[in-house]
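Trainee: Okay, so here is model.tsv, and as you'll see once you scroll down, it has TSV, C-alpha atoms.
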chain	number	residue	atom	x	y	z
A	1	MET	CA	147.60	96.20	74.50
A	2	PRO	CA	145.37	98.77	76.26
A	3	GLU	CA	142.63	97.96	73.76
A	4	ARG	CA	142.91	94.26	74.60
A	5	PHE	CA	142.85	95.04	78.33
A	6	ALA	CA	139.76	97.20	77.88
A	7	LYS	CA	138.01	94.36	76.02
A	8	CYS	CA	138.87	91.91	78.80
A	9	ALA	CA	137.64	94.35	81.44
A	10	LEU	CA	134.40	94.87	79.54
A	11	ILE	CA	133.83	91.12	79.18
A	12	ALA	CA	134.58	90.60	82.88
A	13	ALA	CA	132.15	93.38	83.81
A	14	LEU	CA	129.45	91.89	81.58
A	15	VAL	CA	129.97	88.42	83.06
A	16	LEU	CA	129.78	89.82	86.59
A	17	ALA	CA	126.64	91.77	85.75
A	18	ALA	CA	125.05	88.75	84.06
A	19	PHE	CA	125.65	86.40	86.97
A	20	GLY	CA	125.06	88.92	89.73
A	21	CYS	CA	128.38	88.25	91.47
A	22	ALA	CA	129.25	91.88	91.98
A	23	GLY	CA	127.25	92.41	95.19
A	24	ALA	CA	125.47	95.67	95.84
A	25	LYS	CA	125.69	98.81	97.92
A	26	VAL	CA	122.34	100.31	98.86
A	27	ALA	CA	120.92	102.99	101.14
A	28	VAL	CA	117.35	102.80	102.40
A	29	PRO	CA	115.22	105.72	101.11
A	30	THR	CA	114.18	108.22	103.74
A	31	GLY	CA	110.50	108.68	102.84
A	32	PHE	CA	108.17	107.02	105.36
A	33	PRO	CA	104.44	107.31	106.00
A	34	VAL	CA	102.82	108.40	109.26
A	35	PRO	CA	100.69	105.75	111.02
A	36	GLN	CA	96.96	106.46	110.81
A	37	VAL	CA	95.99	105.40	114.33
A	38	THR	CA	94.40	106.99	117.37
A	39	LYS	CA	97.19	108.86	119.16
A	40	VAL	CA	98.25	108.14	122.71
A	41	PRO	CA	97.54	111.40	124.60
A	42	LEU	CA	101.11	111.75	125.88
A	43	PRO	CA	104.20	113.59	124.66
A	44	VAL	CA	107.31	111.41	124.47
A	45	GLY	CA	111.03	111.75	123.85
A	46	LEU	CA	113.06	109.93	121.23
A	47	TYR	CA	116.71	109.07	121.74
A	48	LEU	CA	118.68	108.00	118.67
A	49	ASP	CA	122.28	107.19	119.41
A	50	GLU	CA	125.20	107.52	116.99
A	51	ALA	CA	125.42	103.75	116.47
A	52	LEU	CA	121.87	103.73	115.12
A	53	LEU	CA	122.22	106.86	113.01
A	54	SER	CA	125.34	105.51	111.32
A	55	TYR	CA	124.26	101.88	111.05
A	56	VAL	CA	125.69	100.07	108.02
A	57	HIS	CA	125.57	96.32	107.45
A	58	ARG	CA	128.47	94.94	105.42
A	59	GLU	CA	128.80	91.32	104.41
A	60	SER	CA	130.84	89.34	101.91
A	61	LEU	CA	129.11	86.34	100.39
A	62	GLU	CA	131.26	83.59	98.99
A	63	GLN	CA	131.34	83.92	95.18
A	64	ARG	CA	128.57	86.54	95.39
A	65	GLY	CA	130.59	89.64	96.10
A	66	ASP	CA	130.43	92.34	98.77
A	67	TRP	CA	127.08	93.66	99.99
A	68	GLU	CA	126.32	96.81	101.94
A	69	ILE	CA	123.01	98.05	103.35
A	70	GLU	CA	123.06	101.56	104.81
A	71	LEU	CA	120.16	101.96	107.25
A	72	GLY	CA	121.41	104.76	109.51
A	73	SER	CA	120.25	107.77	107.50
A	74	ALA	CA	116.69	106.38	107.35
A	75	GLN	CA	116.30	105.96	111.12
A	76	GLU	CA	115.58	109.57	112.09
A	77	PRO	CA	112.79	110.16	109.53
A	78	MET	CA	111.43	106.69	110.23
A	79	PHE	CA	111.10	107.12	114.00
A	80	ASP	CA	110.08	110.75	113.63
A	81	ASN	CA	107.10	109.74	111.49
A	82	LEU	CA	106.33	106.71	113.66
A	83	LEU	CA	106.08	108.78	116.85
A	84	SER	CA	104.20	111.58	115.03
A	85	GLY	CA	101.45	109.08	114.32
A	86	LEU	CA	101.46	107.33	117.68
A	87	PHE	CA	101.70	110.20	120.19
A	88	ILE	CA	100.24	113.67	120.51
A	89	GLY	CA	103.76	115.09	120.60
A	90	HIS	CA	107.39	114.07	120.57
A	91	ARG	CA	110.85	115.57	120.57
A	92	THR	CA	114.38	114.23	120.40
A	93	VAL	CA	116.46	114.05	123.56
A	94	LYS	CA	120.23	114.28	123.58
A	95	GLN	CA	120.99	111.81	126.34
A	96	LEU	CA	119.42	108.87	128.11
A	97	GLY	CA	119.04	108.87	131.86
A	98	ALA	CA	118.36	112.60	132.21
A	99	SER	CA	115.18	114.01	133.72
A	100	HIS	CA	112.60	115.73	131.44
A	101	ASP	CA	109.54	117.55	132.72
A	102	ASP	CA	107.80	118.09	129.38
A	103	ILE	CA	107.58	114.45	128.26
A	104	ALA	CA	106.11	111.28	129.76
A	105	GLY	CA	108.95	108.97	128.81
A	106	VAL	CA	111.76	108.33	126.36
A	107	LEU	CA	111.93	105.68	123.68
A	108	ALA	CA	115.41	104.53	122.61
A	109	PRO	CA	115.59	102.16	119.62
A	110	SER	CA	118.69	100.29	118.47
A	111	ILE	CA	119.44	97.72	115.78
A	112	GLU	CA	120.73	94.50	117.32
A	113	GLU	CA	121.06	92.48	114.16
A	114	LEU	CA	120.47	92.60	110.42
A	115	GLN	CA	120.43	89.62	108.11
A	116	PHE	CA	119.71	89.39	104.43
A	117	SER	CA	119.53	86.73	101.77
A	118	ILE	CA	119.69	86.77	98.00
A	119	PRO	CA	117.85	84.41	95.61
A	120	GLU	CA	121.00	82.41	94.84
A	121	GLN	CA	121.31	81.47	98.52
A	122	THR	CA	117.71	80.46	99.13
A	123	ARG	CA	116.86	79.12	95.66
A	124	SER	CA	113.84	81.39	95.75
A	125	GLU	CA	113.03	84.47	93.70
A	126	TYR	CA	113.24	86.87	96.63
A	127	TYR	CA	115.71	89.23	98.22
A	128	GLU	CA	114.94	89.19	101.93
A	129	VAL	CA	115.95	91.38	104.87
A	130	TRP	CA	115.43	90.80	108.58
A	131	ILE	CA	116.10	93.56	111.12
A	132	ARG	CA	116.02	92.94	114.86
A	133	TYR	CA	115.31	96.16	116.72
A	134	ARG	CA	115.58	96.60	120.46
A	135	PHE	CA	113.48	99.26	122.16
A	136	GLU	CA	114.21	100.67	125.59
A	137	LEU	CA	111.58	102.65	127.46
A	138	HIS	CA	112.74	105.17	130.04
A	139	ALA	CA	110.58	107.12	132.46
A	140	ASN	CA	110.76	110.92	132.36
A	141	ASP	CA	113.04	110.87	135.40
A	142	GLY	CA	115.58	108.85	133.38
A	143	GLU	CA	114.94	105.45	134.96
A	144	LYS	CA	114.97	102.53	132.55
A	145	LEU	CA	111.57	100.82	132.73
A	146	GLY	CA	112.29	97.92	130.41
A	147	GLN	CA	113.11	96.75	126.91
A	148	TRP	CA	111.71	94.51	124.22
A	149	ASP	CA	112.79	93.20	120.81
A	150	LEU	CA	110.97	93.38	117.51
A	151	THR	CA	111.98	91.52	114.35
A	152	ALA	CA	110.92	93.10	111.08
A	153	TYR	CA	110.94	91.39	107.72
A	154	GLY	CA	110.96	92.61	104.14
A	155	LYS	CA	111.14	90.87	100.83
A	156	ALA	CA	111.31	91.90	97.20
A	157	HIS	CA	110.72	89.70	94.18
A	158	GLN	CA	113.66	89.91	91.80
A	159	GLN	CA	111.38	90.16	88.75
A	160	ASN	CA	109.89	93.40	90.10
A	161	HIS	CA	113.22	95.22	90.17
A	162	ALA	CA	115.97	96.08	87.72
A	163	GLY	CA	118.94	94.38	89.33
A	164	ALA	CA	120.18	93.25	92.72
A	165	SER	CA	120.66	96.77	94.15
A	166	ALA	CA	117.09	97.87	93.48
A	167	ALA	CA	115.66	94.61	94.85
A	168	LEU	CA	117.77	94.65	98.00
A	169	GLN	CA	116.95	98.31	98.60
A	170	SER	CA	113.26	97.54	98.22
A	171	ALA	CA	113.47	94.58	100.64
A	172	ALA	CA	115.25	96.76	103.22
A	173	LEU	CA	112.63	99.51	102.82
A	174	VAL	CA	109.82	96.97	103.22
A	175	ALA	CA	111.54	95.71	106.40
A	176	CYS	CA	111.68	99.25	107.81
A	177	ARG	CA	107.98	99.77	107.02
A	178	ASP	CA	107.27	96.40	108.62
A	179	ALA	CA	109.12	97.53	111.74
A	180	MET	CA	106.89	100.62	111.88
A	181	ALA	CA	103.74	98.57	111.30
A	182	PHE	CA	104.74	95.93	113.83
A	183	PHE	CA	105.64	98.57	116.43
A	184	THR	CA	102.31	100.35	115.87
A	185	GLN	CA	100.39	97.10	116.26
A	186	GLN	CA	102.40	95.70	119.17
A	187	PHE	CA	103.24	98.81	121.22
A	188	GLY	CA	100.19	98.84	123.50
A	189	ARG	CA	100.47	95.09	124.17
A	190	VAL	CA	104.04	95.10	125.51
A	191	PRO	CA	103.77	94.56	129.31
A	192	VAL	CA	106.26	97.30	130.24
A	193	VAL	CA	104.43	99.76	127.99
A	194	GLN	CA	101.04	98.76	129.38
A	195	THR	CA	102.27	99.43	132.93
A	196	TRP	CA	103.79	102.77	131.89
A	197	LEU	CA	100.59	103.83	130.10
A	198	ASP	CA	98.48	102.84	133.11
A	199	ILE	CA	100.61	105.05	135.34
A	200	GLU	CA	100.87	108.00	132.97
A	201	LEU	CA	97.24	107.97	131.91
A	202	GLY	CA	95.95	107.23	135.38
A	203	GLY	CA	94.51	103.83	134.42
A	204	SER	CA	92.57	105.15	131.44
A	205	ALA	CA	94.81	103.48	128.77
B	1	MET	CA	82.62	83.61	80.43
B	2	PRO	CA	84.23	85.82	77.78
B	3	PHE	CA	86.75	83.94	75.64
B	4	LEU	CA	89.38	85.72	73.60
B	5	PHE	CA	91.77	84.42	71.00
B	6	ALA	CA	94.30	86.99	69.81
B	7	CYS	CA	96.82	86.52	67.02
B	8	ALA	CA	98.31	89.43	65.11
B	9	GLY	CA	101.22	90.13	62.78
B	10	LEU	CA	104.56	88.93	64.08
B	11	ALA	CA	103.12	88.10	67.48
B	12	GLY	CA	102.44	84.71	69.01
B	13	CYS	CA	98.88	83.61	69.73
B	14	VAL	CA	97.17	84.10	73.08
B	15	THR	CA	94.05	82.43	74.42
B	16	ALA	CA	92.40	84.29	77.28
B	17	THR	CA	89.39	83.50	79.43
B	18	VAL	CA	87.69	85.60	82.10
B	19	GLN	CA	85.24	84.36	84.71
B	20	GLU	CA	83.15	86.40	87.10
B	21	VAL	CA	81.35	85.54	90.32
B	22	ARG	CA	79.11	88.26	91.73
B	23	GLU	CA	78.05	88.29	95.38
B	24	THR	CA	76.49	91.73	95.76
B	25	ALA	CA	75.26	94.54	93.52
B	26	THR	CA	77.84	97.21	92.70
B	27	ALA	CA	77.78	100.79	91.51
B	28	MET	CA	80.16	103.73	91.40
B	29	GLY	CA	79.02	107.30	91.64
B	30	ALA	CA	80.75	110.59	90.87
B	31	GLY	CA	83.61	111.13	93.31
B	32	ASP	CA	83.92	107.42	94.14
B	33	SER	CA	87.28	105.77	93.72
B	34	ILE	CA	88.76	102.30	93.62
B	35	VAL	CA	92.19	100.92	94.45
B	36	VAL	CA	93.97	97.85	93.06
B	37	LEU	CA	96.34	96.13	95.49
B	38	GLY	CA	98.73	93.21	95.12
B	39	ARG	CA	98.53	90.58	97.83
B	40	ARG	CA	101.93	90.52	99.56
B	41	SER	CA	101.10	88.62	102.74
B	42	GLN	CA	103.94	86.95	104.55
B	43	PRO	CA	105.23	84.33	104.14
B	44	THR	CA	103.62	83.57	100.78
B	45	THR	CA	106.06	82.45	98.13
B	46	ALA	CA	104.02	83.75	95.23
B	47	GLU	CA	103.77	87.46	94.65
B	48	THR	CA	101.94	89.21	91.87
B	49	GLU	CA	104.18	91.25	89.58
B	50	LEU	CA	104.17	94.97	90.43
B	51	ASP	CA	103.84	95.91	86.77
B	52	PHE	CA	100.75	93.69	86.47
B	53	ILE	CA	99.07	95.59	89.31
B	54	SER	CA	99.93	98.93	87.74
B	55	CYS	CA	98.83	97.64	84.32
B	56	VAL	CA	95.38	96.70	85.64
B	57	ALA	CA	95.07	100.02	87.52
B	58	ASP	CA	96.14	102.02	84.44
B	59	ASN	CA	93.74	100.17	82.17
B	60	MET	CA	90.86	100.75	84.58
B	61	GLY	CA	91.69	104.43	84.77
B	62	ARG	CA	91.53	105.14	81.05
B	63	GLY	CA	89.35	104.56	78.02
B	64	GLN	CA	85.58	104.21	77.97
B	65	ASN	CA	83.99	104.27	81.45
B	66	ALA	CA	87.34	105.23	82.99
B	67	LEU	CA	87.30	104.93	86.78
B	68	ASN	CA	88.95	107.06	89.41
B	69	VAL	CA	91.77	104.68	90.42
B	70	VAL	CA	93.92	105.51	93.44
B	71	ASN	CA	97.63	104.78	92.99
B	72	GLU	CA	98.61	101.70	95.01
B	73	GLN	CA	101.66	103.22	96.73
B	74	GLN	CA	99.80	106.45	97.56
B	75	PHE	CA	97.01	104.35	99.06
B	76	LEU	CA	99.42	102.26	101.15
B	77	ASP	CA	101.11	105.42	102.45
B	78	ALA	CA	97.83	107.22	103.18
B	79	THR	CA	96.38	104.25	105.07
B	80	PHE	CA	99.61	103.10	106.73
B	81	PRO	CA	99.94	100.60	108.40
B	82	TRP	CA	96.56	98.95	107.83
B	83	PHE	CA	97.35	97.41	104.44
B	84	GLU	CA	100.99	96.52	105.07
B	85	PRO	CA	101.80	92.80	104.57
B	86	ARG	CA	101.88	92.04	108.31
B	87	ILE	CA	98.54	93.68	109.11
B	88	ALA	CA	96.51	93.67	105.88
B	89	PRO	CA	93.15	91.91	106.20
B	90	LEU	CA	93.19	88.45	104.65
B	91	ASN	CA	89.44	88.17	104.54
B	92	HIS	CA	86.70	90.72	103.91
B	93	THR	CA	85.21	89.86	107.31
B	94	GLU	CA	88.19	91.63	108.92
B	95	LEU	CA	87.52	94.83	106.98
B	96	PRO	CA	84.71	96.32	109.14
B	97	THR	CA	86.92	96.25	112.27
B	98	ILE	CA	89.77	97.98	110.47
B	99	ILE	CA	87.77	100.70	108.77
B	100	LYS	CA	86.21	101.65	112.11
B	101	GLN	CA	89.59	103.12	113.15
B	102	ALA	CA	88.90	106.86	113.14
B	103	PRO	CA	92.05	108.17	111.39
B	104	LEU	CA	91.83	105.47	108.72
B	105	ALA	CA	88.13	106.08	108.15
B	106	GLU	CA	88.92	109.78	107.57
B	107	ARG	CA	91.60	108.96	104.96
B	108	LEU	CA	89.28	106.54	103.15
B	109	ASP	CA	86.53	109.14	103.19
B	110	GLU	CA	88.87	111.80	101.75
B	111	MET	CA	89.74	109.41	98.90
B	112	GLY	CA	86.10	108.55	98.30
B	113	LEU	CA	87.15	104.91	98.28
B	114	LYS	CA	84.27	102.63	97.31
B	115	TYR	CA	85.97	99.39	96.31
B	116	LEU	CA	89.18	97.64	97.15
B	117	VAL	CA	90.52	95.07	94.68
B	118	TRP	CA	93.05	92.46	95.80
B	119	ILE	CA	94.93	90.72	93.00
B	120	GLU	CA	96.68	87.40	93.37
B	121	GLY	CA	98.44	85.30	90.74
B	122	SER	CA	101.37	85.37	88.39
B	123	THR	CA	102.65	84.52	84.94
B	124	GLN	CA	104.85	81.46	84.57
B	125	ARG	CA	106.76	79.88	81.71
B	126	ILE	CA	105.31	76.37	81.59
B	127	ASP	CA	107.08	74.83	78.60
B	128	SER	CA	109.99	75.54	76.28
B	129	GLY	CA	111.83	73.74	73.50
B	130	GLY	CA	114.12	74.00	70.49
B	131	SER	CA	117.64	75.32	70.19
B	132	LEU	CA	119.31	78.31	68.65
B	133	SER	CA	122.99	79.02	68.10
B	134	CYS	CA	124.74	82.15	66.97
B	135	VAL	CA	128.20	82.55	65.46
B	136	VAL	CA	130.25	85.72	65.12
B	137	GLY	CA	133.31	85.76	62.85
B	138	PRO	CA	135.57	88.30	61.17
B	139	GLY	CA	133.28	88.43	58.14
B	140	GLY	CA	130.04	88.79	60.10
B	141	GLY	CA	127.73	86.57	62.05
B	142	GLY	CA	124.37	84.93	62.15
B	143	CYS	CA	122.02	82.68	64.07
B	144	PHE	CA	120.31	79.45	63.11
B	145	GLY	CA	117.68	77.44	64.92
B	146	PHE	CA	114.20	77.58	66.39
B	147	LEU	CA	113.00	78.33	69.92
B	148	SER	CA	109.51	78.11	71.34
B	149	TRP	CA	108.11	78.66	74.81
B	150	GLU	CA	104.68	78.71	76.39
B	151	LYS	CA	103.54	81.03	79.14
B	152	ASP	CA	100.53	80.81	81.39
B	153	SER	CA	98.97	83.71	83.28
B	154	SER	CA	96.55	83.05	86.10
B	155	TYR	CA	95.17	85.91	88.19
B	156	GLU	CA	92.24	86.38	90.52
B	157	ALA	CA	90.80	89.70	91.64
B	158	SER	CA	88.67	89.89	94.79
B	159	VAL	CA	86.49	92.98	95.02
B	160	TRP	CA	85.58	94.23	98.50
B	161	ASP	CA	83.02	96.92	99.20
B	162	VAL	CA	84.67	99.35	101.61
B	163	GLU	CA	81.40	100.94	102.75
B	164	THR	CA	79.61	97.70	103.67
B	165	GLY	CA	82.69	95.58	104.43
B	166	GLN	CA	81.31	92.83	102.21
B	167	ALA	CA	82.82	90.85	99.34
B	168	ALA	CA	81.30	92.11	96.09
B	169	GLY	CA	82.67	89.29	93.93
B	170	LYS	CA	85.63	87.68	92.23
B	171	ILE	CA	87.00	87.83	88.72
B	172	SER	CA	89.58	85.43	87.39
B	173	SER	CA	91.64	85.90	84.27
B	174	GLU	CA	93.58	83.12	82.58
B	175	ALA	CA	95.73	83.46	79.48
B	176	THR	CA	98.08	81.09	77.72
B	177	GLY	CA	100.23	81.69	74.69
B	178	MET	CA	103.06	80.17	72.69
B	179	SER	CA	105.95	82.34	71.55
B	180	TYR	CA	108.29	81.40	68.71
B	181	MET	CA	111.71	82.55	67.57
B	182	PRO	CA	112.89	81.10	64.26
B	183	ALA	CA	116.35	82.21	63.16
B	184	VAL	CA	117.94	82.00	59.73
B	185	ILE	CA	120.85	84.45	60.08
B	186	VAL	CA	118.55	86.92	61.87
B	187	PRO	CA	116.29	85.78	64.78
B	188	ILE	CA	112.67	86.82	64.30
B	189	PRO	CA	110.82	86.81	67.66
B	190	MET	CA	107.07	86.23	67.60
B	191	ILE	CA	106.16	86.96	71.20
B	192	ALA	CA	102.78	86.05	72.69
B	193	ARG	CA	101.76	88.91	74.99
B	194	VAL	CA	100.27	86.63	77.61
B	195	ARG	CA	100.50	88.86	80.69
B	196	SER	CA	99.40	91.91	78.75
B	197	SER	CA	96.36	90.00	77.50
B	198	ALA	CA	95.49	88.81	81.02
B	199	CYS	CA	95.87	92.39	82.27
B	200	SER	CA	93.58	93.99	79.71
B	201	SER	CA	90.96	91.21	80.05
B	202	LEU	CA	90.94	91.53	83.84
B	203	ALA	CA	90.86	95.34	83.80
B	204	ASN	CA	87.98	95.47	81.31
B	205	GLN	CA	85.98	92.94	83.28
B	206	LEU	CA	86.65	94.74	86.57
B	207	LYS	CA	85.49	98.00	85.02
B	208	SER	CA	82.21	96.55	83.86
B	209	PHE	CA	81.83	94.65	87.16
B	210	VAL	CA	82.00	97.67	89.45
B	211	VAL	CA	79.86	99.97	87.33
B	212	ASN	CA	77.37	97.10	87.03
When written as structure tokens, how does the structure in this file appear?
Mentor:
Amino acid sequence: MPERFAKCALIAALVLAAFGCAGAKVAVPTGFPVPQVTKVPLPVGLYLDEALLSYVHRESLEQRGDWEIELGSAQEPMFDNLLSGLFIGHRTVKQLGASHDDIAGVLAPSIEELQFSIPEQTRSEYYEVWIRYRFELHANDGEKLGQWDLTAYGKAHQQNHAGASAALQSAALVACRDAMAFFTQQFGRVPVVQTWLDIELGGSA
Amino acid sequence: MPFLFACAGLAGCVTATVQEVRETATAMGAGDSIVVLGRRSQPTTAETELDFISCVADNMGRGQNALNVVNEQQFLDATFPWFEPRIAPLNHTELPTIIKQAPLAERLDEMGLKYLVWIEGSTQRIDSGGSLSCVVGPGGGGCFGFLSWEKDSSYEASVWDVETGQAAGKISSEATGMSYMPAVIVPIPMIARVRSSACSSLANQLKSFVVN
């Protein structure tokens, strides 16, 4: 009887693996590059709240199993490297709204929404991930200056990866890199940032 | 237009063609390097296989006239974010503006990067036929039947000169091949290495193209 049960379990596992119904549980790798751009000559603060640092997206897809994307552990190295490339200096701050003399402002990112799709849903060959970030900019006296959203996108072709987990992880990593790239490209064009830079740099930004 | 027809042993046959269009003179000196990148612009629905990009890069980096080829991922990290899908230049005319960025120019200089190769294309199964069935019983098992399928590889490499910001030329590689799998008790696959053939043809042509 146990032998028969084991055979059934093995067949069920093989069927699940073959048809990709088992879902996947992935964590985004924590290695990120530093943007190679001209740095803004200001030191800034970075506030990462607990919700961001522990962010996990869980979703059950009908007949496609349970899926989990863990993004939280990647956020600190990601924003650390992003600000290292963009500003002459940065440090983390423990709370928003406080006054800081040694920095020009505080950036506070959060994840508002994450969506993903698998090839079976879209009839394509791609795993795709969308992440909507919200950025708040605070002055060094703690006053909130404004906020803006940024939607990042990542995709991974299923043929380039060994299985659903690897492909989904790759798509999520590409989305995080896209968020960094988009932020780098867009940062100076956001009206609230332009105003802040004009004030802090005395109109030389 | 080099034309190759490869057929060996228990392998299927592959027909490969390579075409080259040159726009400027090319040369690589000691210390110069080249990078091979896959085009991953959004929202394109076709993406070149990662292993094809690494195959071309590996082939260019070994053998006779081996070139100094920068690893694609290392290049993307070192030049971040300028060659990420959202920002990467779609046309060589955008290159001069990008490489003027001081930190990027320093990284490219450190690498000694002379040429940038963008690869687009993919390998598709275009036809298949036949049937094959297998039976397993208490006394053993076996398969009987015949399968065949045809694959087509079509890739294009655009070579950009990083120093001048000009397009140096284009090389296209096409390969088609039919694979067979007859089975009388035991299936005997005769696989046509279509993608592999397109890779080696393209890499060899790229090598001779850049060293002129």
Trainee: Expressed in Å to a single decimal, how great is the separation between atom CA of Asp161 of chain B and atom CA of Leu116 of chain B?
Mentor: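 Straight-line distance from atom CA of Asp161 of chain B to atom CA of Leu116 of chain B works out to 6.5 Å.
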Trainee: Find the residues around segment 172-175 of chain A up to 6 Å (only C-alpha atoms counted), leave out those fewer than 5 positions away in its own chain, and share them as a PDB file with C-alpha atoms, keeping the file's coordinate frame.
Mentor:
ATOM      1  CA  VAL A  28     117.350 102.800 102.400  1.00  0.00           C
ATOM      2  CA  VAL A 129     115.950  91.380 104.870  1.00  0.00           C
ATOM      3  CA  ALA A 152     110.920  93.100 111.080  1.00  0.00           C
ATOM      4  CA  TYR A 153     110.940  91.390 107.720  1.00  0.00           C
ATOM      5  CA  GLY A 154     110.960  92.610 104.140  1.00  0.00           C
TER       6      GLY A 154
END
Trainee: Need the neighbours of (112.3, 81.1, 63.8): which residues are at most 12 Å away, counting all atoms listed in the file, as a PDB file with C-alpha atoms, keeping the file's coordinate frame?
Mentor:
ATOM      1  CA  LEU B  10     104.560  88.930  64.080  1.00  0.00           C
ATOM      2  CA  GLY B  12     102.440  84.710  69.010  1.00  0.00           C
ATOM      3  CA  GLY B 130     114.120  74.000  70.490  1.00  0.00           C
ATOM      4  CA  SER B 131     117.640  75.320  70.190  1.00  0.00           C
ATOM      5  CA  LEU B 132     119.310  78.310  68.650  1.00  0.00           C
ATOM      6  CA  SER B 133     122.990  79.020  68.100  1.00  0.00           C
ATOM      7  CA  CYS B 143     122.020  82.680  64.070  1.00  0.00           C
ATOM      8  CA  PHE B 144     120.310  79.450  63.110  1.00  0.00           C
ATOM      9  CA  GLY B 145     117.680  77.440  64.920  1.00  0.00           C
ATOM     10  CA  PHE B 146     114.200  77.580  66.390  1.00  0.00           C
ATOM     11  CA  LEU B 147     113.000  78.330  69.920  1.00  0.00           C
ATOM     12  CA  SER B 148     109.510  78.110  71.340  1.00  0.00           C
ATOM     13  CA  SER B 179     105.950  82.340  71.550  1.00  0.00           C
ATOM     14  CA  TYR B 180     108.290  81.400  68.710  1.00  0.00           C
ATOM     15  CA  MET B 181     111.710  82.550  67.570  1.00  0.00           C
ATOM     16  CA  PRO B 182     112.890  81.100  64.260  1.00  0.00           C
ATOM     17  CA  ALA B 183     116.350  82.210  63.160  1.00  0.00           C
ATOM     18  CA  VAL B 184     117.940  82.000  59.730  1.00  0.00           C
ATOM     19  CA  ILE B 185     120.850  84.450  60.080  1.00  0.00           C
ATOM     20  CA  VAL B 186     118.550  86.920  61.870  1.00  0.00           C
ATOM     21  CA  PRO B 187     116.290  85.780  64.780  1.00  0.00           C
ATOM     22  CA  ILE B 188     112.670  86.820  64.300  1.00  0.00           C
ATOM     23  CA  PRO B 189     110.820  86.810  67.660  1.00  0.00           C
ATOM     24  CA  MET B 190     107.070  86.230  67.600  1.00  0.00           C
ATOM     25  CA  ILE B 191     106.160  86.960  71.200  1.00  0.00           C
TER      26      ILE B 191
END
Trainee: Compute the set of chain B residues within 10 Å of chain A, using all atoms listed in the file, and express it as a PyMOL selection string.
Mentor: chain B and resi 40+42-43+45-52+74+76-87+101-107
Trainee: Smallest atom-to-atom distance to Gln115 of chain A: which of A:Glu76, A:Arg58, A:Gly142, A:Ile103, using all atoms listed in the file?
Mentor: A:Arg58
Trainee: Against segment 206-210 of chain B, which residues of segment 19-115 of chain B fall within 7 Å? For each one I want the closest pair of atoms and the distance in Å (one decimal), counting only C-alpha atoms, rows by chain and increasing residue number, as a tab-separated table.
Mentor:
residue	atom	partner	partner_atom	distance
B:Thr26	CA	B:Val210	CA	5.3
B:Ala27	CA	B:Val210	CA	5.6
B:Met28	CA	B:Val210	CA	6.6
B:Met60	CA	B:Lys207	CA	6.0
Trainee: Please save C-alpha atoms of the selected residues as a PDB file, in the coordinates of the input.
Mentor:
ATOM      1  CA  THR B  26      77.840  97.210  92.700  1.00  0.00           C
ATOM      2  CA  ALA B  27      77.780 100.790  91.510  1.00  0.00           C
ATOM      3  CA  MET B  28      80.160 103.730  91.400  1.00  0.00           C
ATOM      4  CA  MET B  60      90.860 100.750  84.580  1.00  0.00           C
TER       5      MET B  60
END
Trainee: Between B:Ile53, B:Leu95, B:Ala30, B:Ile119, single out the one closest to Gln73 of chain B, counting all atoms listed in the file.
Mentor: B:Ile53
Trainee: Give me the box for segment 45-54 of chain A as lines of an AutoDock Vina configuration file, namely the centre and edge lengths in Å to one decimal of a box along x, y and z that holds every listed atom plus 3 Å on each side.
Mentor:
center_x = 118.2
center_y = 107.7
center_z = 117.6
size_x = 20.4
size_y = 14.0
size_z = 18.5
Trainee: Of the residues B:Ser154, B:Asn65, B:Ser54, B:Gln124, which is the one nearest to Gly38 of chain B, using all atoms listed in the file?
Mentor: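 Of all the options, B:Ser54 lies closest to Gly38 of chain B.
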